[in-house]
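Chemist: Data file query18.pdb (PDB, C-alpha atoms and all ligand atoms) is appended below.
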```pdb
ATOM      1  CA  MET A1435      -4.541 -29.045   0.397  1.00  0.00           C
ATOM      2  CA  SER A1436      -4.019 -25.955  -1.666  1.00  0.00           C
ATOM      3  CA  GLN A1437      -6.228 -25.152  -4.629  1.00  0.00           C
ATOM      4  CA  THR A1438      -5.003 -22.945  -7.496  1.00  0.00           C
ATOM      5  CA  ILE A1439      -7.362 -20.995  -9.749  1.00  0.00           C
ATOM      6  CA  THR A1440      -6.289 -18.980 -12.782  1.00  0.00           C
ATOM      7  CA  ASP A1441      -9.666 -18.259 -14.355  1.00  0.00           C
ATOM      8  CA  PRO A1442     -10.853 -14.848 -13.032  1.00  0.00           C
ATOM      9  CA  VAL A1443     -14.579 -15.688 -13.066  1.00  0.00           C
ATOM     10  CA  GLN A1444     -14.067 -18.944 -11.222  1.00  0.00           C
ATOM     11  CA  ALA A1445     -11.691 -17.132  -8.834  1.00  0.00           C
ATOM     12  CA  ALA A1446     -14.322 -14.519  -7.953  1.00  0.00           C
ATOM     13  CA  GLU A1447     -16.923 -17.232  -7.321  1.00  0.00           C
ATOM     14  CA  GLU A1448     -14.634 -19.205  -5.032  1.00  0.00           C
ATOM     15  CA  LEU A1449     -13.409 -16.120  -3.170  1.00  0.00           C
ATOM     16  CA  SER A1450     -16.989 -14.957  -2.610  1.00  0.00           C
ATOM     17  CA  ARG A1451     -17.988 -18.414  -1.330  1.00  0.00           C
ATOM     18  CA  ARG A1452     -15.114 -18.473   1.177  1.00  0.00           C
ATOM     19  CA  ILE A1453     -15.773 -14.916   2.414  1.00  0.00           C
ATOM     20  CA  GLU A1454     -19.418 -15.874   2.933  1.00  0.00           C
ATOM     21  CA  ARG A1455     -18.250 -18.655   5.250  1.00  0.00           C
ATOM     22  CA  ALA A1456     -15.743 -16.513   7.204  1.00  0.00           C
ATOM     23  CA  LYS A1457     -16.469 -14.415  10.292  1.00  0.00           C
ATOM     24  CA  ARG A1458     -13.459 -12.093  10.532  1.00  0.00           C
ATOM     25  CA  VAL A1459     -11.648 -11.270   7.312  1.00  0.00           C
ATOM     26  CA  VAL A1460      -8.417  -9.277   7.105  1.00  0.00           C
ATOM     27  CA  PHE A1461      -6.944  -8.168   3.791  1.00  0.00           C
ATOM     28  CA  PHE A1462      -3.221  -7.616   3.448  1.00  0.00           C
ATOM     29  CA  GLY A1463      -2.228  -5.911   0.206  1.00  0.00           C
ATOM     30  CA  GLY A1464       0.826  -4.819  -1.718  1.00  0.00           C
ATOM     31  CA  ALA A1465       1.707  -2.887  -4.861  1.00  0.00           C
ATOM     32  CA  GLY A1466      -0.398  -5.130  -7.124  1.00  0.00           C
ATOM     33  CA  VAL A1467      -3.577  -3.684  -5.614  1.00  0.00           C
ATOM     34  CA  SER A1468      -2.522  -0.211  -6.780  1.00  0.00           C
ATOM     35  CA  THR A1469      -1.090  -1.189 -10.179  1.00  0.00           C
ATOM     36  CA  ALA A1470      -4.617  -2.442 -11.002  1.00  0.00           C
ATOM     37  CA  SER A1471      -5.614   1.242 -10.646  1.00  0.00           C
ATOM     38  CA  GLY A1472      -2.892   2.306 -13.047  1.00  0.00           C
ATOM     39  CA  ILE A1473      -0.408   3.379 -10.385  1.00  0.00           C
ATOM     40  CA  PRO A1474       3.092   2.286 -11.384  1.00  0.00           C
ATOM     41  CA  ASP A1475       5.056   0.312  -8.821  1.00  0.00           C
ATOM     42  CA  PHE A1476       7.573   3.047  -8.011  1.00  0.00           C
ATOM     43  CA  ARG A1477       9.915   0.591  -6.340  1.00  0.00           C
ATOM     44  CA  SER A1478      10.376  -1.356  -9.539  1.00  0.00           C
ATOM     45  CA  VAL A1479      12.892  -0.103 -12.058  1.00  0.00           C
ATOM     46  CA  ASP A1480      11.409   0.591 -15.478  1.00  0.00           C
ATOM     47  CA  GLY A1481      12.621   2.191 -18.676  1.00  0.00           C
ATOM     48  CA  LEU A1482      10.689   5.378 -18.157  1.00  0.00           C
ATOM     49  CA  TYR A1483      12.282   5.809 -14.794  1.00  0.00           C
ATOM     50  CA  HIS A1484      15.794   5.446 -16.201  1.00  0.00           C
ATOM     51  CA  GLN A1485      15.154   8.207 -18.717  1.00  0.00           C
ATOM     52  CA  LYS A1486      14.236  10.710 -16.054  1.00  0.00           C
ATOM     53  CA  PHE A1487      16.268  10.019 -12.933  1.00  0.00           C
ATOM     54  CA  ALA A1488      19.961   9.522 -12.351  1.00  0.00           C
ATOM     55  CA  TYR A1489      19.658   7.306  -9.271  1.00  0.00           C
ATOM     56  CA  PRO A1490      18.047   3.922  -8.614  1.00  0.00           C
ATOM     57  CA  PRO A1491      14.720   3.989  -6.711  1.00  0.00           C
ATOM     58  CA  GLU A1492      16.228   2.475  -3.548  1.00  0.00           C
ATOM     59  CA  THR A1493      18.558   5.491  -3.391  1.00  0.00           C
ATOM     60  CA  MET A1494      15.900   8.103  -4.092  1.00  0.00           C
ATOM     61  CA  LEU A1495      13.559   6.514  -1.579  1.00  0.00           C
ATOM     62  CA  SER A1496      16.086   6.575   1.243  1.00  0.00           C
ATOM     63  CA  HIS A1497      16.080   8.842   4.261  1.00  0.00           C
ATOM     64  CA  ASP A1498      19.646   9.924   3.445  1.00  0.00           C
ATOM     65  CA  PHE A1499      18.608  11.031  -0.034  1.00  0.00           C
ATOM     66  CA  TYR A1500      15.708  13.028   1.378  1.00  0.00           C
ATOM     67  CA  GLU A1501      18.150  14.794   3.724  1.00  0.00           C
ATOM     68  CA  THR A1502      20.954  15.399   1.215  1.00  0.00           C
ATOM     69  CA  HIS A1503      19.154  15.749  -2.152  1.00  0.00           C
ATOM     70  CA  THR A1504      15.848  17.215  -1.026  1.00  0.00           C
ATOM     71  CA  ALA A1505      14.955  18.901  -4.333  1.00  0.00           C
ATOM     72  CA  GLU A1506      15.553  15.713  -6.336  1.00  0.00           C
ATOM     73  CA  PHE A1507      13.677  13.717  -3.722  1.00  0.00           C
ATOM     74  CA  TYR A1508      10.658  15.989  -4.141  1.00  0.00           C
ATOM     75  CA  GLU A1509      10.848  15.749  -7.924  1.00  0.00           C
ATOM     76  CA  PHE A1510      10.725  11.958  -7.646  1.00  0.00           C
ATOM     77  CA  TYR A1511       7.992  12.151  -5.005  1.00  0.00           C
ATOM     78  CA  ARG A1512       5.780  14.366  -7.162  1.00  0.00           C
ATOM     79  CA  THR A1513       6.433  12.433 -10.374  1.00  0.00           C
ATOM     80  CA  LYS A1514       6.398   8.806  -9.242  1.00  0.00           C
ATOM     81  CA  MET A1515       4.747   8.545  -5.852  1.00  0.00           C
ATOM     82  CA  ILE A1516       1.834  10.977  -5.808  1.00  0.00           C
ATOM     83  CA  ALA A1517      -0.895   9.873  -8.232  1.00  0.00           C
ATOM     84  CA  LEU A1518      -3.886  12.098  -7.614  1.00  0.00           C
ATOM     85  CA  ASP A1519      -5.764  10.981 -10.745  1.00  0.00           C
ATOM     86  CA  ALA A1520      -5.842   7.298  -9.744  1.00  0.00           C
ATOM     87  CA  LYS A1521      -9.236   5.848  -8.844  1.00  0.00           C
ATOM     88  CA  PRO A1522     -10.038   2.862  -6.607  1.00  0.00           C
ATOM     89  CA  ASN A1523     -10.589  -0.366  -8.528  1.00  0.00           C
ATOM     90  CA  GLN A1524     -13.025  -3.203  -7.893  1.00  0.00           C
ATOM     91  CA  ALA A1525     -10.750  -4.762  -5.234  1.00  0.00           C
ATOM     92  CA  HIS A1526     -10.701  -1.510  -3.204  1.00  0.00           C
ATOM     93  CA  LEU A1527     -14.469  -1.086  -3.594  1.00  0.00           C
ATOM     94  CA  LYS A1528     -15.343  -4.665  -2.635  1.00  0.00           C
ATOM     95  CA  LEU A1529     -13.108  -4.540   0.446  1.00  0.00           C
ATOM     96  CA  ALA A1530     -14.847  -1.345   1.602  1.00  0.00           C
ATOM     97  CA  GLU A1531     -18.221  -3.028   1.055  1.00  0.00           C
ATOM     98  CA  LEU A1532     -17.163  -6.074   3.082  1.00  0.00           C
ATOM     99  CA  GLU A1533     -16.133  -3.800   5.953  1.00  0.00           C
ATOM    100  CA  ARG A1534     -19.519  -2.031   5.884  1.00  0.00           C
ATOM    101  CA  GLU A1535     -21.216  -5.439   6.033  1.00  0.00           C
ATOM    102  CA  GLY A1536     -19.233  -6.256   9.184  1.00  0.00           C
ATOM    103  CA  LYS A1537     -17.341  -9.059   7.475  1.00  0.00           C
ATOM    104  CA  LEU A1538     -13.926  -7.456   7.152  1.00  0.00           C
ATOM    105  CA  THR A1539     -12.161  -5.922  10.157  1.00  0.00           C
ATOM    106  CA  ALA A1540      -9.045  -4.371   8.647  1.00  0.00           C
ATOM    107  CA  VAL A1541      -7.148  -3.598   5.490  1.00  0.00           C
ATOM    108  CA  VAL A1542      -3.403  -3.779   6.026  1.00  0.00           C
ATOM    109  CA  THR A1543      -1.539  -2.119   3.177  1.00  0.00           C
ATOM    110  CA  GLN A1544       1.977  -1.473   1.992  1.00  0.00           C
ATOM    111  CA  ASN A1545       0.637   1.164  -0.405  1.00  0.00           C
ATOM    112  CA  ILE A1546       0.810   4.880   0.260  1.00  0.00           C
ATOM    113  CA  ASP A1547      -1.801   6.172  -2.182  1.00  0.00           C
ATOM    114  CA  GLY A1548      -4.882   6.335   0.055  1.00  0.00           C
ATOM    115  CA  LEU A1549      -7.053   4.458  -2.463  1.00  0.00           C
ATOM    116  CA  HIS A1550      -8.615   2.209   0.190  1.00  0.00           C
ATOM    117  CA  GLN A1551      -9.870   5.282   2.052  1.00  0.00           C
ATOM    118  CA  ALA A1552     -11.033   6.785  -1.255  1.00  0.00           C
ATOM    119  CA  ALA A1553     -13.078   3.612  -1.775  1.00  0.00           C
ATOM    120  CA  GLY A1554     -14.671   4.023   1.658  1.00  0.00           C
ATOM    121  CA  SER A1555     -12.588   1.732   3.895  1.00  0.00           C
ATOM    122  CA  MET A1556     -12.340   3.015   7.475  1.00  0.00           C
ATOM    123  CA  ASN A1557      -9.844   0.757   9.253  1.00  0.00           C
ATOM    124  CA  VAL A1558      -6.812   0.998   6.963  1.00  0.00           C
ATOM    125  CA  LEU A1559      -3.444   0.168   8.517  1.00  0.00           C
ATOM    126  CA  GLU A1560      -0.791   1.853   6.418  1.00  0.00           C
ATOM    127  CA  LEU A1561       2.522   0.156   7.147  1.00  0.00           C
ATOM    128  CA  HIS A1562       4.422   2.525   4.857  1.00  0.00           C
ATOM    129  CA  GLY A1563       2.508   5.717   5.581  1.00  0.00           C
ATOM    130  CA  SER A1564       0.665   7.898   3.063  1.00  0.00           C
ATOM    131  CA  VAL A1565       1.406  10.606   0.506  1.00  0.00           C
ATOM    132  CA  HIS A1566      -1.713  12.346   1.809  1.00  0.00           C
ATOM    133  CA  ARG A1567       0.092  13.352   4.995  1.00  0.00           C
ATOM    134  CA  ASN A1568       3.119  15.617   4.728  1.00  0.00           C
ATOM    135  CA  ILE A1569       4.312  16.799   8.077  1.00  0.00           C
ATOM    136  CA  CYS A1570       6.230  19.877   9.175  1.00  0.00           C
ATOM    137  CA  GLN A1571       9.199  18.542  11.115  1.00  0.00           C
ATOM    138  CA  ARG A1572       9.171  21.609  13.348  1.00  0.00           C
ATOM    139  CA  CYS A1573       5.534  22.360  14.258  1.00  0.00           C
ATOM    140  CA  GLY A1574       3.774  19.169  13.181  1.00  0.00           C
ATOM    141  CA  HIS A1575       1.329  20.836  10.803  1.00  0.00           C
ATOM    142  CA  VAL A1576       0.046  18.339   8.216  1.00  0.00           C
ATOM    143  CA  TYR A1577      -0.187  19.189   4.509  1.00  0.00           C
ATOM    144  CA  SER A1578      -2.080  17.348   1.760  1.00  0.00           C
ATOM    145  CA  ALA A1579      -0.642  15.783  -1.395  1.00  0.00           C
ATOM    146  CA  GLU A1580      -2.517  18.424  -3.410  1.00  0.00           C
ATOM    147  CA  TRP A1581      -0.767  21.147  -1.451  1.00  0.00           C
ATOM    148  CA  ILE A1582       2.624  19.538  -2.118  1.00  0.00           C
ATOM    149  CA  MET A1583       1.837  19.330  -5.850  1.00  0.00           C
ATOM    150  CA  ALA A1584       0.832  22.992  -5.939  1.00  0.00           C
ATOM    151  CA  ARG A1585       4.182  24.037  -4.448  1.00  0.00           C
ATOM    152  CA  GLU A1586       6.182  22.523  -7.305  1.00  0.00           C
ATOM    153  CA  HIS A1587       7.195  25.858  -8.783  1.00  0.00           C
ATOM    154  CA  GLU A1588       7.710  27.748  -5.547  1.00  0.00           C
ATOM    155  CA  ASP A1589      11.176  28.941  -4.609  1.00  0.00           C
ATOM    156  CA  GLY A1590      13.640  26.498  -3.103  1.00  0.00           C
ATOM    157  CA  ASN A1591      13.667  24.218  -6.182  1.00  0.00           C
ATOM    158  CA  GLY A1592      10.255  22.813  -5.354  1.00  0.00           C
ATOM    159  CA  VAL A1593      11.207  21.984  -1.776  1.00  0.00           C
ATOM    160  CA  PRO A1594       8.125  22.835   0.294  1.00  0.00           C
ATOM    161  CA  VAL A1595       8.524  24.885   3.455  1.00  0.00           C
ATOM    162  CA  CYS A1596       5.943  25.177   6.231  1.00  0.00           C
ATOM    163  CA  PRO A1597       4.047  28.497   5.827  1.00  0.00           C
ATOM    164  CA  GLU A1598       3.252  28.427   9.560  1.00  0.00           C
ATOM    165  CA  CYS A1599       6.779  28.220  10.937  1.00  0.00           C
ATOM    166  CA  GLY A1600       9.274  27.925   8.066  1.00  0.00           C
ATOM    167  CA  GLY A1601      10.187  24.372   9.059  1.00  0.00           C
ATOM    168  CA  PRO A1602      11.051  21.547   6.647  1.00  0.00           C
ATOM    169  CA  ILE A1603       8.236  19.255   5.510  1.00  0.00           C
ATOM    170  CA  LYS A1604       8.632  15.515   5.201  1.00  0.00           C
ATOM    171  CA  PRO A1605       6.164  13.129   3.618  1.00  0.00           C
ATOM    172  CA  ASP A1606       4.683  10.705   6.167  1.00  0.00           C
ATOM    173  CA  VAL A1607       6.009   7.870   3.999  1.00  0.00           C
ATOM    174  CA  VAL A1608       8.415   5.236   5.277  1.00  0.00           C
ATOM    175  CA  LEU A1609      11.702   5.624   3.424  1.00  0.00           C
ATOM    176  CA  TYR A1610      14.576   3.171   3.281  1.00  0.00           C
ATOM    177  CA  GLY A1611      16.546   3.602   6.473  1.00  0.00           C
ATOM    178  CA  GLU A1612      13.392   4.384   8.460  1.00  0.00           C
ATOM    179  CA  SER A1613      11.293   2.037  10.557  1.00  0.00           C
ATOM    180  CA  LEU A1614       7.703   1.095   9.837  1.00  0.00           C
ATOM    181  CA  ASP A1615       4.807   2.775  11.610  1.00  0.00           C
ATOM    182  CA  ASP A1616       4.865   0.906  14.962  1.00  0.00           C
ATOM    183  CA  ASP A1617       1.203   1.506  15.779  1.00  0.00           C
ATOM    184  CA  ALA A1618       0.100   0.256  12.355  1.00  0.00           C
ATOM    185  CA  VAL A1619       2.266  -2.873  12.638  1.00  0.00           C
ATOM    186  CA  THR A1620       1.013  -3.678  16.153  1.00  0.00           C
ATOM    187  CA  GLU A1621      -2.632  -3.257  15.147  1.00  0.00           C
ATOM    188  CA  ALA A1622      -2.060  -5.275  11.943  1.00  0.00           C
ATOM    189  CA  LEU A1623      -0.616  -8.196  13.913  1.00  0.00           C
ATOM    190  CA  HIS A1624      -3.530  -7.976  16.359  1.00  0.00           C
ATOM    191  CA  GLN A1625      -6.150  -8.050  13.590  1.00  0.00           C
ATOM    192  CA  ILE A1626      -4.381 -10.848  11.708  1.00  0.00           C
ATOM    193  CA  ALA A1627      -4.164 -12.954  14.883  1.00  0.00           C
ATOM    194  CA  LEU A1628      -7.926 -12.549  15.477  1.00  0.00           C
ATOM    195  CA  ALA A1629      -8.983 -13.275  11.896  1.00  0.00           C
ATOM    196  CA  ASP A1630     -10.298 -16.574  10.591  1.00  0.00           C
ATOM    197  CA  MET A1631      -9.637 -15.568   6.988  1.00  0.00           C
ATOM    198  CA  LEU A1632      -6.610 -13.734   5.640  1.00  0.00           C
ATOM    199  CA  ILE A1633      -6.505 -12.606   2.037  1.00  0.00           C
ATOM    200  CA  VAL A1634      -3.051 -11.616   0.847  1.00  0.00           C
ATOM    201  CA  GLY A1635      -3.204  -9.719  -2.433  1.00  0.00           C
ATOM    202  CA  GLY A1636      -0.875  -8.078  -4.909  1.00  0.00           C
ATOM    203  CA  THR A1637       2.331  -8.763  -3.070  1.00  0.00           C
ATOM    204  CA  SER A1638       5.141 -11.177  -3.821  1.00  0.00           C
ATOM    205  CA  LEU A1639       5.637 -11.477  -0.043  1.00  0.00           C
ATOM    206  CA  VAL A1640       9.379 -11.110  -0.352  1.00  0.00           C
ATOM    207  CA  VAL A1641       9.629  -7.541   0.959  1.00  0.00           C
ATOM    208  CA  TYR A1642       9.913  -7.123   4.719  1.00  0.00           C
ATOM    209  CA  PRO A1643       7.673  -7.296   6.716  1.00  0.00           C
ATOM    210  CA  ALA A1644       5.118  -8.988   4.505  1.00  0.00           C
ATOM    211  CA  ALA A1645       6.437 -12.488   4.964  1.00  0.00           C
ATOM    212  CA  GLY A1646       6.574 -12.165   8.764  1.00  0.00           C
ATOM    213  CA  LEU A1647       3.055 -10.766   9.158  1.00  0.00           C
ATOM    214  CA  ILE A1648       1.296 -13.868   7.921  1.00  0.00           C
ATOM    215  CA  ASP A1649       3.083 -15.972  10.556  1.00  0.00           C
ATOM    216  CA  TYR A1650       0.675 -14.382  13.051  1.00  0.00           C
ATOM    217  CA  PHE A1651      -2.297 -15.907  11.250  1.00  0.00           C
ATOM    218  CA  ARG A1652      -3.674 -19.090  12.831  1.00  0.00           C
ATOM    219  CA  SER A1653      -2.733 -22.237  10.960  1.00  0.00           C
ATOM    220  CA  SER A1654      -6.346 -23.453  10.965  1.00  0.00           C
ATOM    221  CA  GLY A1655      -7.570 -20.275   9.229  1.00  0.00           C
ATOM    222  CA  ASP A1656      -8.423 -19.794   5.589  1.00  0.00           C
ATOM    223  CA  LEU A1657      -5.388 -18.243   3.901  1.00  0.00           C
ATOM    224  CA  VAL A1658      -6.000 -16.990   0.357  1.00  0.00           C
ATOM    225  CA  VAL A1659      -3.223 -15.600  -1.845  1.00  0.00           C
ATOM    226  CA  VAL A1660      -4.133 -13.478  -4.878  1.00  0.00           C
ATOM    227  CA  ASN A1661      -1.125 -12.628  -7.019  1.00  0.00           C
ATOM    228  CA  HIS A1662      -0.040 -12.880 -10.657  1.00  0.00           C
ATOM    229  CA  ASP A1663       3.057 -14.876  -9.756  1.00  0.00           C
ATOM    230  CA  ALA A1664       3.848 -17.581  -7.226  1.00  0.00           C
ATOM    231  CA  THR A1665       4.671 -16.473  -3.662  1.00  0.00           C
ATOM    232  CA  PRO A1666       6.429 -18.178  -0.723  1.00  0.00           C
ATOM    233  CA  ALA A1667       3.040 -18.397   1.043  1.00  0.00           C
ATOM    234  CA  ASP A1668       1.364 -20.451  -1.700  1.00  0.00           C
ATOM    235  CA  SER A1669       2.214 -23.774  -0.058  1.00  0.00           C
ATOM    236  CA  ARG A1670       0.524 -22.623   3.175  1.00  0.00           C
ATOM    237  CA  ALA A1671      -2.531 -21.186   1.451  1.00  0.00           C
ATOM    238  CA  SER A1672      -5.805 -23.072   1.119  1.00  0.00           C
ATOM    239  CA  LEU A1673      -6.540 -21.109  -2.063  1.00  0.00           C
ATOM    240  CA  VAL A1674      -4.130 -19.536  -4.551  1.00  0.00           C
ATOM    241  CA  ILE A1675      -5.581 -17.203  -7.186  1.00  0.00           C
ATOM    242  CA  GLN A1676      -3.257 -16.316 -10.032  1.00  0.00           C
ATOM    243  CA  ALA A1677      -5.381 -13.723 -11.778  1.00  0.00           C
ATOM    244  CA  ASP A1678      -6.019  -9.979 -11.928  1.00  0.00           C
ATOM    245  CA  ILE A1679      -6.904  -8.828  -8.419  1.00  0.00           C
ATOM    246  CA  ALA A1680      -9.653  -6.446  -9.533  1.00  0.00           C
ATOM    247  CA  LYS A1681     -11.337  -9.317 -11.409  1.00  0.00           C
ATOM    248  CA  ALA A1682     -10.950 -11.702  -8.469  1.00  0.00           C
ATOM    249  CA  PHE A1683     -12.959  -9.228  -6.345  1.00  0.00           C
ATOM    250  CA  ASP A1684     -15.644  -8.762  -8.981  1.00  0.00           C
ATOM    251  CA  PHE A1685     -18.549 -10.418  -7.195  1.00  0.00           C
TER     252      PHE A1685
HETATM  253 ZN    ZN B1701       5.665  24.175  10.691  1.00  0.00          ZN
END
```
Spit out the file's structure as structure tokens when you get a sec.

Modeler:
Amino acid sequence: MSQTITDPVQAAEELSRRIERAKRVVFFGGAGVSTASGIPDFRSVDGLYHQKFAYPPETMLSHDFYETHTAEFYEFYRTKMIALDAKPNQAHLKLAELEREGKLTAVVTQNIDGLHQAAGSMNVLELHGSVHRNICQRCGHVYSAEWIMAREHEDGNGVPVCPECGGPIKPDVVLYGESLDDDAVTEALHQIALADMLIVGGTSLVVYPAAGLIDYFRSSGDLVVVNHDATPADSRASLVIQADIAKAFDF
């Protein structure tokens, strides 16, 4: 039977109690984990976005757009995707703590902001890559997000070029039209299959491959969903928390 909690304090108590009981916890998170740190969900269309860019996000985040409109892609990338001022919130920090205690084995994330690592998490499986890795397509040299930001006013309309070899640089971020990081997906499925508790947080579970991943979780395990709105997994979950994710992890 599924239990639903909307009160954040009660949610944190119940989540803590269940984690205490579990042996192998995996966390699977989406955009909601980052929006709690003030990072806008760049895939969602908002008013601010419409004022600045002439294309919808799905277009600007496509591989084709990167190839054909590289300068505009980088403007969008710098403005909407890289958020160097963002700080980990209580959910990030608690998950890192649970890993240090040997309770949590992996964080699987759809986010690209590196906030789990900033909070101290070690085993972070980034299904959509990271803005903190920007790779020369010719020599493989890796550049940081800070380096990309600093090149904004260089020649080439802000399109960064590898200083080592002159090759083009592409963010190690999965764009529309590209496949997910195979190694990350394989390891995520492995960790989810071994877990006895799976916490799904900050995702509506409608975007591929989120919905499919939880099918690898054993049906006898403790499935907890933390999200503001209802998700397709709620009926399968033993606990549904409809509250702020940072507050739910405040224990
Ligand atoms: Zn290079």

Chemist: Take the PyMOL selection byres (((not hetatm)) within 8 of (chain B and resi 1701)), run it mentally on this structure, and tell me the resulting residues as a list in words.

Modeler: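 When the PyMOL selection byres (((not hetatm)) within 8 of (chain B and resi 1701)) is applied to the shown file, the picked residues are Ile1569, Cys1570, Gln1571, Arg1572, Cys1573, Gly1574, His1575, Val1595, Cys1596, Pro1597, Glu1598, Cys1599, Gly1600, Gly1601, Pro1602 and Ile1603 of chain A.
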
Chemist: Report, as JSON, the centre and edge lengths in Å (one decimal) of the axis-aligned box enclosing every listed atom of range 1444-1456 of chain A, padded by 4 Å on each side.

Modeler:
```
{"center_x": -15.6, "center_y": -16.9, "center_z": -2.0, "size_x": 15.7, "size_y": 12.7, "size_z": 26.4}
```

Chemist: Could you check how far CA of Ile1626 in chain A sits from CA of Ala1645 in chain A, in Å to one decimal?

Modeler: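 That distance, rounded to one decimal, is 12.9 Å.
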
Chemist: Evaluated on this file, the PyMOL selection byres (((chain A and resi 1586) around 12) and not hetatm) picks out some residues - which ones are they, written as a compact mmCIF listing (two decimals) with C-alpha atoms, in the frame of the given file?

Modeler:
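That gives us result.txt:
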```txt
# COMPACT_ATOMS: atom_id res chain seq x y z
CA ALA A 1505 14.96 18.90 -4.33
CA GLU A 1506 15.55 15.71 -6.34
CA TYR A 1508 10.66 15.99 -4.14
CA GLU A 1509 10.85 15.75 -7.92
CA PHE A 1510 10.72 11.96 -7.65
CA TYR A 1511 7.99 12.15 -5.00
CA ARG A 1512 5.78 14.37 -7.16
CA THR A 1513 6.43 12.43 -10.37
CA ALA A 1579 -0.64 15.78 -1.40
CA GLU A 1580 -2.52 18.42 -3.41
CA TRP A 1581 -0.77 21.15 -1.45
CA ILE A 1582 2.62 19.54 -2.12
CA MET A 1583 1.84 19.33 -5.85
CA ALA A 1584 0.83 22.99 -5.94
CA ARG A 1585 4.18 24.04 -4.45
CA HIS A 1587 7.20 25.86 -8.78
CA GLU A 1588 7.71 27.75 -5.55
CA ASP A 1589 11.18 28.94 -4.61
CA GLY A 1590 13.64 26.50 -3.10
CA ASN A 1591 13.67 24.22 -6.18
CA GLY A 1592 10.26 22.81 -5.35
CA VAL A 1593 11.21 21.98 -1.78
CA PRO A 1594 8.12 22.84 0.29
CA VAL A 1595 8.52 24.88 3.46
```

Chemist: I want to know what sits within 10 Å of Gly1563 in chain A, based on all atoms listed in the file, with residues of the same chain fewer than 4 positions away left out; could you give that as a list of chain:residue names?

Modeler: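 Non-adjacent residues within range: A:Thr1543, A:Gln1544, A:Asn1545, A:Ile1546, A:Asp1547, A:Gly1548, A:Leu1559, A:Arg1567, A:Asn1568, A:Pro1605, A:Asp1606, A:Val1607, A:Val1608, A:Leu1609, A:Leu1614, A:Asp1615, A:Ala1618.
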
Chemist: If the PyMOL selection byres (((chain A and resi 1552) around 9) and not hetatm) were run on this exact file, what residues would it hold? Put them as JSON, numbers by chain.

Modeler: {"A": [1521, 1522, 1526, 1527, 1548, 1549, 1550, 1551, 1553, 1554, 1555]}

Chemist: Would you mind listing what lies within 9 Å of Asp1663 in chain A as a list in words, with all atoms listed in the file counted and same-chain residues fewer than 4 positions away left out?

Modeler: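 Near neighbours after the sequence-gap exclusion: Ser1638, Gln1676 and Ala1677 of chain A.
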
Chemist: Output the selection as a PDB file, in the coordinates of the input - C-alpha atoms for each residue.

Modeler:
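Once written, part21.pdb looks like this:
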```pdb
ATOM      1  CA  SER A1638       5.141 -11.177  -3.821  1.00  0.00           C
ATOM      2  CA  GLN A1676      -3.257 -16.316 -10.032  1.00  0.00           C
ATOM      3  CA  ALA A1677      -5.381 -13.723 -11.778  1.00  0.00           C
TER       4      ALA A1677
END
```

Chemist: Could you work out how far CA of Ser1672 in chain A lies from CA of Gly1655 in chain A, giving the answer in Å with one decimal?

Modeler: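 Computing it gives 8.8 Å between the two atoms.
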
Chemist: Mind checking which residues fall within 9 Å of Met1556 in chain A, counting only C-alpha atoms, ignoring those fewer than 4 positions away in the same chain, and posting them as JSON, numbers by chain?

Modeler: {"A": [1530, 1533, 1534, 1540, 1541, 1550, 1551]}

Chemist: Restricting it to C-alpha atoms, dump the selection as a tab-separated table (two decimals), in the coordinates of the input.

Modeler:
```tsv
chain	number	residue	atom	x	y	z
A	1530	ALA	CA	-14.85	-1.34	1.60
A	1533	GLU	CA	-16.13	-3.80	5.95
A	1534	ARG	CA	-19.52	-2.03	5.88
A	1540	ALA	CA	-9.04	-4.37	8.65
A	1541	VAL	CA	-7.15	-3.60	5.49
A	1550	HIS	CA	-8.62	2.21	0.19
A	1551	GLN	CA	-9.87	5.28	2.05
```

Chemist: Name all residues at most 9 Å from Gly1464 in chain A (count only C-alpha atoms; drop same-chain ones fewer than 2 positions away) and give them as an MDAnalysis selection string.

Modeler: chainID A and resid 1462 1466:1468 1542:1545 1634:1639 1644

Chemist: From the set A:Asp1475, A:Glu1531, A:Glu1612, A:Asp1498, which residue has the shortest atom-to-atom contact distance to Ala1517 in chain A, counting only C-alpha atoms?

Modeler: A:Asp1475
